[in-house]
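What follows is a set of notes on a single structure, which appears directly below.
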2 protein chains.
Amino acid sequence: MTPTHRVYNFAAGPAVLPVPVLEEIQRDLLALPGVGMSVLEISHRSRACESILAQAEANIRVLAGIPDHYRVLFLQGGASLQFSMVPMNFLSPGSTADYIDAGSWAGKAIEEAEKVGRVNIAASTRSDSYARIPAQSELRLSNGAAYVHMTSNNTIEGTQFKRLPEIGSAPLVSDTSSDMFSRPIEISRHGLIYAGAQKNMGPAGVTLVIIPDSPGGKVIEAP
Amino acid sequence: MTPTHRVYNFAAGPAVLPVPVLEEIQRDLLALPGVGMSVLEISHRSRACESILAQAEANIRVLAGIPDHYRVLFLQGGASLQFSMVPMNFLSPGSTADYIDAGSWAGKAIEEAEKVGRVNIAASTRSDSYARIPAQSELRLSNGAAYVHMTSNNTIEGTQFKRLPEIGSAPLVSDTSSDMFSRPIEISRHGLIYAGAQKNMGPAGVTLVIIPDSPGGKVIEAP
């Protein structure tokens with residue numbers, strides 16, 4: 001196999017990158033045009049880096065149809081860190097978060113949330129080996145839940161929410177790691193969306209978080 | 001300026017990378033030899049990725065002279081996350097951590113530690129605009145401190161510890177971001193060492209943590 005021989009990669013993730021993207025990275029690897037340093041050498045606080053991030057955010061906003069009143073964050077720690085960050089930020093003492101337990105990753109998210117606060121399993125298909133998504137009629141939602149958490153696509157089990165569940169007024173939090181950029185996502189129905197980049201978007205190491213301006217995590221409908 | 005024109009880069013950090021290193025990354029960017037996928041496409045759990053990490057760890061162990069009973073961790077969140085992780089892991093309720101306040105980054109580490117537990121400023125040169133490192137005779141250390149924290153090199157102020165302070169039996173925790181790999185560091189005198197990669201070692205995004213096997217953070221002398 002020659003160094004540039006590329007195999008056919010059928011893995012569910014990490015994402016295969018388009019060859020022209022890899023070729024552009026390769027071409028500019030020694031020096032970004034107009035900068036004269038490698039992207040591996042520039043400061044994360046430099047104008048060059050800020051401009052790369054701003055362009056990435058702008059592209060993501062167009063591609064995912066993100067309303068202006070939602071922020072786009074690039075975080076570390078993987079989607080798994082969001083399993084903890086979401087309850088640490090939004091599950092205050094005395095309140096309850098509803099979790100839809102429809103796959104292995106949802107199960108892991110629940111484990112972390114239970115370390116932080118009170119969790120209600122609104123529905124679970126664990127006893128069916130997660131072979132299906134719970135029906136709307138199975139959901140047992142809490143009154144005044146801090147949020148409702150779901151995993152939109154379960155590549156381990158091969159199941160996927162075809163539409164968002166009806167959950168009333170609680171903010172909907174979705175782990176869309178295996179859906180992001182593969183189909184339209186109704187951003188404005190969400191209080192928070194997170195997605196590890198390595199599944200559908202790019203290299204492991206960054207997690208995309210999409211969150212409305214309002215700090216309480218309540219969904220603000222676009223005017 | 002042509003795309004591959006490289007400027008002279010005199011910044012104190014991030015690190016300038018050797019051109020042969022950049023050229024090797026460039027050469028293999030479309031497909032790692034024997035793997036057939038780009039390093040940007042392989043799973044962080046794949047054998048190829050594990051082998052890269054193992055080689056990086058082995059190189060670091062040789063370069064920094066790390067004893068076998070110390071672990072080498074690659075973490076995210078920057079050295080700044082260690083400002084929080086260190087007290088969250090080692091500053092238990094009722095105990096005190098000693099901080100040597102000898103530069104801007106030490107000040108930031110103190111701010112974060114104070115959110116977690118009790119901090120004793122063992123010495124400070126803040127009122128001298130951090131123009132010097134405190135003398136050994138100025139250190140006011142606590143009895144039974146959970147650890148003593150220092151920043152070994154302050155590139156903002158241009159000051160550097162020429163030798164490690166004498167601190168008795170408490171574990172020494174050093175932020176060596178601006179010293180790592182630039183001079184020998186007495187690893188075995190430390191209970192924990194951390195260093196953001198972007199300053200002396202490589203691209204921003206990873207933090208090197210060197211920590212002895214013993215979970216309490218107590219220094220174990222090599223036999």
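Following the order of the structure tokens, first chain is A, next is B, and so on, with residues numbered from 1 inside each chain and ligands from 1 in the order they appear.
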Give me the residues of chain B that have any atom at most 7 Å from an atom of chain A; for each, the nearest atom pair and the distance in Å, rounded to one decimal. Use only C-alpha atoms, sort by chain and number, and format it as a tab-separated table.
```
residue	atom	partner	partner_atom	distance
B:Met1	CA	A:Gly34	CA	6.4
B:Thr2	CA	A:Pro33	CA	6.9
B:Pro3	CA	A:Pro33	CA	4.5
B:Thr4	CA	A:Ala31	CA	5.1
B:His5	CA	A:Gly36	CA	5.6
B:Arg6	CA	A:Gly36	CA	4.3
B:Val7	CA	A:Gly36	CA	4.9
B:Pro14	CA	A:Ser43	CA	5.6
B:Ala15	CA	A:Glu41	CA	6.0
B:Val16	CA	A:Glu41	CA	5.7
B:Leu17	CA	A:Glu41	CA	6.7
B:Leu22	CA	A:Leu30	CA	6.1
B:Gln26	CA	A:Gln26	CA	5.2
B:Asp28	CA	A:Pro3	CA	6.6
B:Leu29	CA	A:Gln26	CA	6.0
B:Leu30	CA	A:Thr4	CA	6.0
B:Ala31	CA	A:Thr4	CA	5.1
B:Leu32	CA	A:Pro3	CA	6.3
B:Pro33	CA	A:Pro3	CA	4.5
B:Gly34	CA	A:Met1	CA	6.4
B:Gly36	CA	A:Arg6	CA	4.3
B:Met37	CA	A:Arg6	CA	5.8
B:Leu40	CA	A:Pro203	CA	4.9
B:Glu41	CA	A:Val16	CA	5.7
B:Ile42	CA	A:Pro14	CA	6.3
B:Ser43	CA	A:Pro14	CA	5.6
B:His44	CA	A:Ala204	CA	6.6
B:Gln76	CA	A:Gln76	CA	6.4
B:Gly77	CA	A:Gln76	CA	6.6
B:Pro203	CA	A:Leu40	CA	4.9
B:Ala204	CA	A:His44	CA	6.6
```
Export of the given selection (N, CA, C and O atoms) as a CSV table (one decimal), in the first residue's frame:
```
chain,number,residue,atom,x,y,z
B,1,MET,N,3.0,36.9,-1.2
B,1,MET,CA,3.5,35.8,-0.4
B,1,MET,C,2.9,34.5,-1.0
B,1,MET,O,1.7,34.4,-1.1
B,2,THR,N,3.7,33.6,-1.3
B,2,THR,CA,3.2,32.3,-1.9
B,2,THR,C,2.7,31.5,-0.7
B,2,THR,O,3.0,31.7,0.5
B,3,PRO,N,1.8,30.5,-1.0
B,3,PRO,CA,1.2,29.7,0.1
B,3,PRO,C,2.2,29.1,1.0
B,3,PRO,O,1.9,28.9,2.2
B,4,THR,N,3.4,28.7,0.5
B,4,THR,CA,4.3,28.0,1.3
B,4,THR,C,5.4,28.9,1.9
B,4,THR,O,6.4,28.4,2.5
B,5,HIS,N,5.3,30.2,1.7
B,5,HIS,CA,6.2,31.1,2.3
B,5,HIS,C,6.0,31.1,3.8
B,5,HIS,O,4.9,31.4,4.3
B,6,ARG,N,7.1,30.8,4.5
B,6,ARG,CA,7.0,30.8,6.0
B,6,ARG,C,7.7,32.1,6.5
B,6,ARG,O,8.8,32.4,6.2
B,7,VAL,N,7.0,32.7,7.4
B,7,VAL,CA,7.5,33.9,8.1
B,7,VAL,C,8.5,33.5,9.2
B,7,VAL,O,8.5,32.3,9.6
B,14,PRO,N,2.3,30.2,20.5
B,14,PRO,CA,2.6,28.8,20.4
B,14,PRO,C,3.9,28.4,19.7
B,14,PRO,O,4.5,29.3,19.1
B,15,ALA,N,4.3,27.2,19.9
B,15,ALA,CA,5.6,26.7,19.4
B,15,ALA,C,5.6,26.7,17.9
B,15,ALA,O,4.7,26.4,17.2
B,16,VAL,N,6.8,27.1,17.4
B,16,VAL,CA,7.2,26.9,16.0
B,16,VAL,C,7.5,25.4,15.9
B,16,VAL,O,8.2,24.8,16.7
B,17,LEU,N,7.0,24.7,14.9
B,17,LEU,CA,7.3,23.3,14.7
B,17,LEU,C,8.4,23.1,13.6
B,17,LEU,O,8.5,23.9,12.7
B,22,LEU,N,6.4,19.1,10.0
B,22,LEU,CA,5.3,19.6,9.2
B,22,LEU,C,5.3,18.9,7.9
B,22,LEU,O,4.2,18.5,7.4
B,26,GLN,N,2.3,16.7,6.4
B,26,GLN,CA,1.8,17.0,5.0
B,26,GLN,C,1.8,15.8,4.1
B,26,GLN,O,0.8,15.5,3.5
B,28,ASP,N,1.6,12.6,4.8
B,28,ASP,CA,0.7,11.6,5.2
B,28,ASP,C,-0.7,12.1,5.4
B,28,ASP,O,-1.6,11.3,5.9
B,29,LEU,N,-1.0,13.3,5.0
B,29,LEU,CA,-2.3,13.9,5.4
B,29,LEU,C,-3.5,13.2,4.7
B,29,LEU,O,-4.5,13.0,5.3
B,30,LEU,N,-3.3,12.7,3.5
B,30,LEU,CA,-4.4,12.0,2.8
B,30,LEU,C,-4.6,10.6,3.3
B,30,LEU,O,-5.7,10.0,3.3
B,31,ALA,N,-3.5,10.0,3.8
B,31,ALA,CA,-3.6,8.6,4.2
B,31,ALA,C,-2.3,8.2,5.0
B,31,ALA,O,-1.2,8.3,4.5
B,32,LEU,N,-2.6,7.8,6.2
B,32,LEU,CA,-1.4,7.3,7.1
B,32,LEU,C,-0.9,6.0,6.4
B,32,LEU,O,-1.7,5.1,6.0
B,33,PRO,N,0.4,5.9,6.3
B,33,PRO,CA,1.0,4.7,5.7
B,33,PRO,C,0.5,3.4,6.4
B,33,PRO,O,0.5,3.4,7.7
B,34,GLY,N,0.0,2.5,5.6
B,34,GLY,CA,-0.4,1.2,6.2
B,34,GLY,C,-1.8,1.3,6.8
B,34,GLY,O,-2.4,0.3,7.2
B,36,GLY,N,-4.3,3.9,5.4
B,36,GLY,CA,-5.2,4.2,4.2
B,36,GLY,C,-6.3,5.2,4.5
B,36,GLY,O,-7.1,5.5,3.7
B,37,MET,N,-6.2,5.8,5.7
B,37,MET,CA,-7.1,6.9,6.1
B,37,MET,C,-6.3,8.1,6.6
B,37,MET,O,-5.2,7.8,7.1
B,40,LEU,N,-7.0,12.6,10.3
B,40,LEU,CA,-8.3,13.4,10.6
B,40,LEU,C,-9.5,12.5,10.5
B,40,LEU,O,-10.6,13.0,10.8
B,41,GLU,N,-9.4,11.3,10.0
B,41,GLU,CA,-10.5,10.4,9.8
B,41,GLU,C,-10.6,9.2,10.7
B,41,GLU,O,-11.6,8.5,10.8
B,42,ILE,N,-9.4,8.8,11.3
B,42,ILE,CA,-9.4,7.6,12.1
B,42,ILE,C,-10.1,7.8,13.4
B,42,ILE,O,-10.1,8.9,14.0
B,43,SER,N,-10.6,6.7,13.9
B,43,SER,CA,-11.3,6.7,15.3
B,43,SER,C,-10.3,7.0,16.3
B,43,SER,O,-9.2,6.4,16.3
B,44,HIS,N,-10.7,7.8,17.4
B,44,HIS,CA,-9.8,8.0,18.5
B,44,HIS,C,-9.7,6.7,19.3
B,44,HIS,O,-8.9,6.6,20.3
B,76,GLN,N,-7.7,17.6,27.6
B,76,GLN,CA,-8.2,18.7,26.9
B,76,GLN,C,-8.4,19.9,27.9
B,76,GLN,O,-8.2,19.7,29.1
B,77,GLY,N,-8.9,21.0,27.4
B,77,GLY,CA,-9.3,22.1,28.3
B,77,GLY,C,-8.1,23.1,28.7
B,77,GLY,O,-8.4,24.1,29.4
B,203,PRO,N,0.6,22.0,18.8
B,203,PRO,CA,-0.6,22.8,18.6
B,203,PRO,C,-1.5,22.9,19.8
B,203,PRO,O,-1.4,22.0,20.7
B,204,ALA,N,-2.2,24.0,19.9
B,204,ALA,CA,-3.2,24.2,21.0
B,204,ALA,C,-4.2,23.1,21.0
B,204,ALA,O,-4.5,22.6,19.9
```
Could you tell me, as a list in words, which residues of region 149-187 of chain B DSSP assigns to strand (DSSP E or B) when given the backbone? His149, Met150, Thr151, Asn153, Asn154, Thr159, Gln160, Leu172, Val173, Ser174 and Asp175 of chain B
Export of the given selection (N, CA, C and O atoms) as a PDB file, in the first residue's frame:
```pdb
ATOM      1  N   HIS B 149       1.451  24.825  45.028  1.00  0.00           N
ATOM      2  CA  HIS B 149       1.342  25.097  43.579  1.00  0.00           C
ATOM      3  C   HIS B 149       2.286  26.239  43.169  1.00  0.00           C
ATOM      4  O   HIS B 149       2.354  27.262  43.841  1.00  0.00           O
ATOM      5  N   MET B 150       2.962  26.035  42.060  1.00  0.00           N
ATOM      6  CA  MET B 150       3.808  27.100  41.501  1.00  0.00           C
ATOM      7  C   MET B 150       3.713  27.099  39.975  1.00  0.00           C
ATOM      8  O   MET B 150       3.312  26.104  39.364  1.00  0.00           O
ATOM      9  N   THR B 151       4.053  28.222  39.370  1.00  0.00           N
ATOM     10  CA  THR B 151       4.175  28.335  37.911  1.00  0.00           C
ATOM     11  C   THR B 151       5.656  28.520  37.645  1.00  0.00           C
ATOM     12  O   THR B 151       6.255  29.481  38.122  1.00  0.00           O
ATOM     13  N   ASN B 153       7.604  29.128  35.024  1.00  0.00           N
ATOM     14  CA  ASN B 153       8.164  30.132  34.114  1.00  0.00           C
ATOM     15  C   ASN B 153       7.048  31.074  33.699  1.00  0.00           C
ATOM     16  O   ASN B 153       5.975  30.628  33.294  1.00  0.00           O
ATOM     17  N   ASN B 154       7.289  32.369  33.838  1.00  0.00           N
ATOM     18  CA  ASN B 154       6.268  33.375  33.558  1.00  0.00           C
ATOM     19  C   ASN B 154       6.703  34.206  32.355  1.00  0.00           C
ATOM     20  O   ASN B 154       7.460  35.172  32.507  1.00  0.00           O
ATOM     21  N   THR B 159      10.035  36.130  34.227  1.00  0.00           N
ATOM     22  CA  THR B 159      10.724  35.550  35.398  1.00  0.00           C
ATOM     23  C   THR B 159      10.563  34.034  35.388  1.00  0.00           C
ATOM     24  O   THR B 159       9.601  33.501  34.819  1.00  0.00           O
ATOM     25  N   GLN B 160      11.510  33.359  36.045  1.00  0.00           N
ATOM     26  CA  GLN B 160      11.555  31.896  35.981  1.00  0.00           C
ATOM     27  C   GLN B 160      12.179  31.369  37.281  1.00  0.00           C
ATOM     28  O   GLN B 160      13.162  31.933  37.758  1.00  0.00           O
ATOM     29  N   LEU B 172       4.373  18.773  45.344  1.00  0.00           N
ATOM     30  CA  LEU B 172       4.584  19.993  44.567  1.00  0.00           C
ATOM     31  C   LEU B 172       3.827  19.883  43.242  1.00  0.00           C
ATOM     32  O   LEU B 172       3.971  18.896  42.517  1.00  0.00           O
ATOM     33  N   VAL B 173       3.015  20.873  42.949  1.00  0.00           N
ATOM     34  CA  VAL B 173       2.270  20.922  41.685  1.00  0.00           C
ATOM     35  C   VAL B 173       2.815  22.089  40.869  1.00  0.00           C
ATOM     36  O   VAL B 173       2.805  23.229  41.331  1.00  0.00           O
ATOM     37  N   SER B 174       3.321  21.792  39.668  1.00  0.00           N
ATOM     38  CA  SER B 174       3.901  22.870  38.839  1.00  0.00           C
ATOM     39  C   SER B 174       3.183  23.006  37.512  1.00  0.00           C
ATOM     40  O   SER B 174       2.975  22.018  36.813  1.00  0.00           O
ATOM     41  N   ASP B 175       2.871  24.239  37.178  1.00  0.00           N
ATOM     42  CA  ASP B 175       2.475  24.576  35.805  1.00  0.00           C
ATOM     43  C   ASP B 175       3.774  24.868  35.052  1.00  0.00           C
ATOM     44  O   ASP B 175       4.408  25.897  35.276  1.00  0.00           O
TER      45      ASP B 175
END
```
As a ChimeraX atom specification, please: every residue in region 42-97 of chain B that DSSP puts in alpha helix (DSSP H). /B:47-64,78-90
Spatial neighbours of Phe90 (chain B), 7 Å, only C-alpha atoms, chain gap at least 3 places, as an MDAnalysis selection string: chainID B and resid 86:87 146
As a CSV table (one decimal) with C-alpha atoms, in the first residue's frame, please: the residues near region 120-133 of chain B (cut-off 8 Å, only C-alpha atoms, same-chain neighbours under 5 positions excluded).
```csv
chain,number,residue,atom,x,y,z
B,96,THR,CA,-5.3,23.9,52.7
B,97,ALA,CA,-3.4,24.3,49.5
B,98,ASP,CA,-0.3,26.6,49.4
B,99,TYR,CA,0.1,28.8,46.3
B,100,ILE,CA,3.2,30.7,45.3
B,101,ASP,CA,1.9,33.8,43.6
B,102,ALA,CA,4.8,34.8,41.3
B,103,GLY,CA,3.1,35.7,38.0
B,104,SER,CA,-0.2,36.4,36.1
B,138,GLU,CA,9.7,34.5,52.0
B,139,LEU,CA,7.7,31.3,51.7
B,140,ARG,CA,5.1,30.9,54.5
B,141,LEU,CA,4.0,27.3,54.0
B,142,SER,CA,1.0,25.6,55.8
B,157,GLU,CA,6.7,38.9,33.2
B,158,GLY,CA,10.0,37.3,32.1
B,159,THR,CA,10.7,35.6,35.4
B,160,GLN,CA,11.6,31.9,36.0
B,161,PHE,CA,12.3,29.6,39.0
```
Gly191 (chain B) proximity check over B:Arg47, B:Arg163, B:Arg61, B:Arg71, using only C-alpha atoms: winner is B:Arg71
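Going from CA of Glu112 (chain B) over to CA of Ser178 (chain B), you cover 19.9 Å.
Closest approach to Val116 (chain A) among A:Glu166, A:Ser92, A:Ile187, A:Met180: A:Ser92, based on only C-alpha atoms.
One distance worth recording is that between CA of Ala197 (chain A) and CA of Ala106 (chain A), which is 17.6 Å.
CA of Ala58 (chain A) is positioned 18.2 Å from CA of Gly196 (chain A).
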Residues within 10 Å of Leu63 (chain A), please, as a PyMOL selection string. Count only C-alpha atoms; anything in the same chain fewer than 5 positions from it doesn't count. chain A and resi 57-58+180-184
Generate a file of the selected residues that holds N, CA, C and O atoms, formatted as a PDB file, in the first residue's frame.
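Below you can see selection31.pdb, which holds the result:
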```
ATOM      1  N   GLU A  57     -18.121  28.727  11.896  1.00  0.00           N
ATOM      2  CA  GLU A  57     -19.437  29.001  12.489  1.00  0.00           C
ATOM      3  C   GLU A  57     -20.434  29.459  11.425  1.00  0.00           C
ATOM      4  O   GLU A  57     -21.583  28.988  11.398  1.00  0.00           O
ATOM      5  N   ALA A  58     -19.991  30.337  10.537  1.00  0.00           N
ATOM      6  CA  ALA A  58     -20.878  30.834   9.483  1.00  0.00           C
ATOM      7  C   ALA A  58     -21.346  29.677   8.596  1.00  0.00           C
ATOM      8  O   ALA A  58     -22.533  29.585   8.252  1.00  0.00           O
ATOM      9  N   MET A 180     -26.264  14.998  12.918  1.00  0.00           N
ATOM     10  CA  MET A 180     -25.890  16.373  12.540  1.00  0.00           C
ATOM     11  C   MET A 180     -25.437  16.431  11.092  1.00  0.00           C
ATOM     12  O   MET A 180     -24.595  15.646  10.659  1.00  0.00           O
ATOM     13  N   PHE A 181     -25.975  17.378  10.361  1.00  0.00           N
ATOM     14  CA  PHE A 181     -25.636  17.642   8.957  1.00  0.00           C
ATOM     15  C   PHE A 181     -26.111  16.537   8.004  1.00  0.00           C
ATOM     16  O   PHE A 181     -25.876  16.624   6.802  1.00  0.00           O
ATOM     17  N   SER A 182     -26.773  15.481   8.526  1.00  0.00           N
ATOM     18  CA  SER A 182     -27.209  14.416   7.627  1.00  0.00           C
ATOM     19  C   SER A 182     -28.672  14.596   7.216  1.00  0.00           C
ATOM     20  O   SER A 182     -29.136  13.987   6.268  1.00  0.00           O
ATOM     21  N   ARG A 183     -29.388  15.405   7.975  1.00  0.00           N
ATOM     22  CA  ARG A 183     -30.800  15.694   7.659  1.00  0.00           C
ATOM     23  C   ARG A 183     -31.158  16.978   8.395  1.00  0.00           C
ATOM     24  O   ARG A 183     -30.475  17.367   9.355  1.00  0.00           O
ATOM     25  N   PRO A 184     -32.220  17.665   7.982  1.00  0.00           N
ATOM     26  CA  PRO A 184     -32.605  18.907   8.667  1.00  0.00           C
ATOM     27  C   PRO A 184     -32.972  18.615  10.128  1.00  0.00           C
ATOM     28  O   PRO A 184     -33.649  17.621  10.412  1.00  0.00           O
TER      29      PRO A 184
END
```
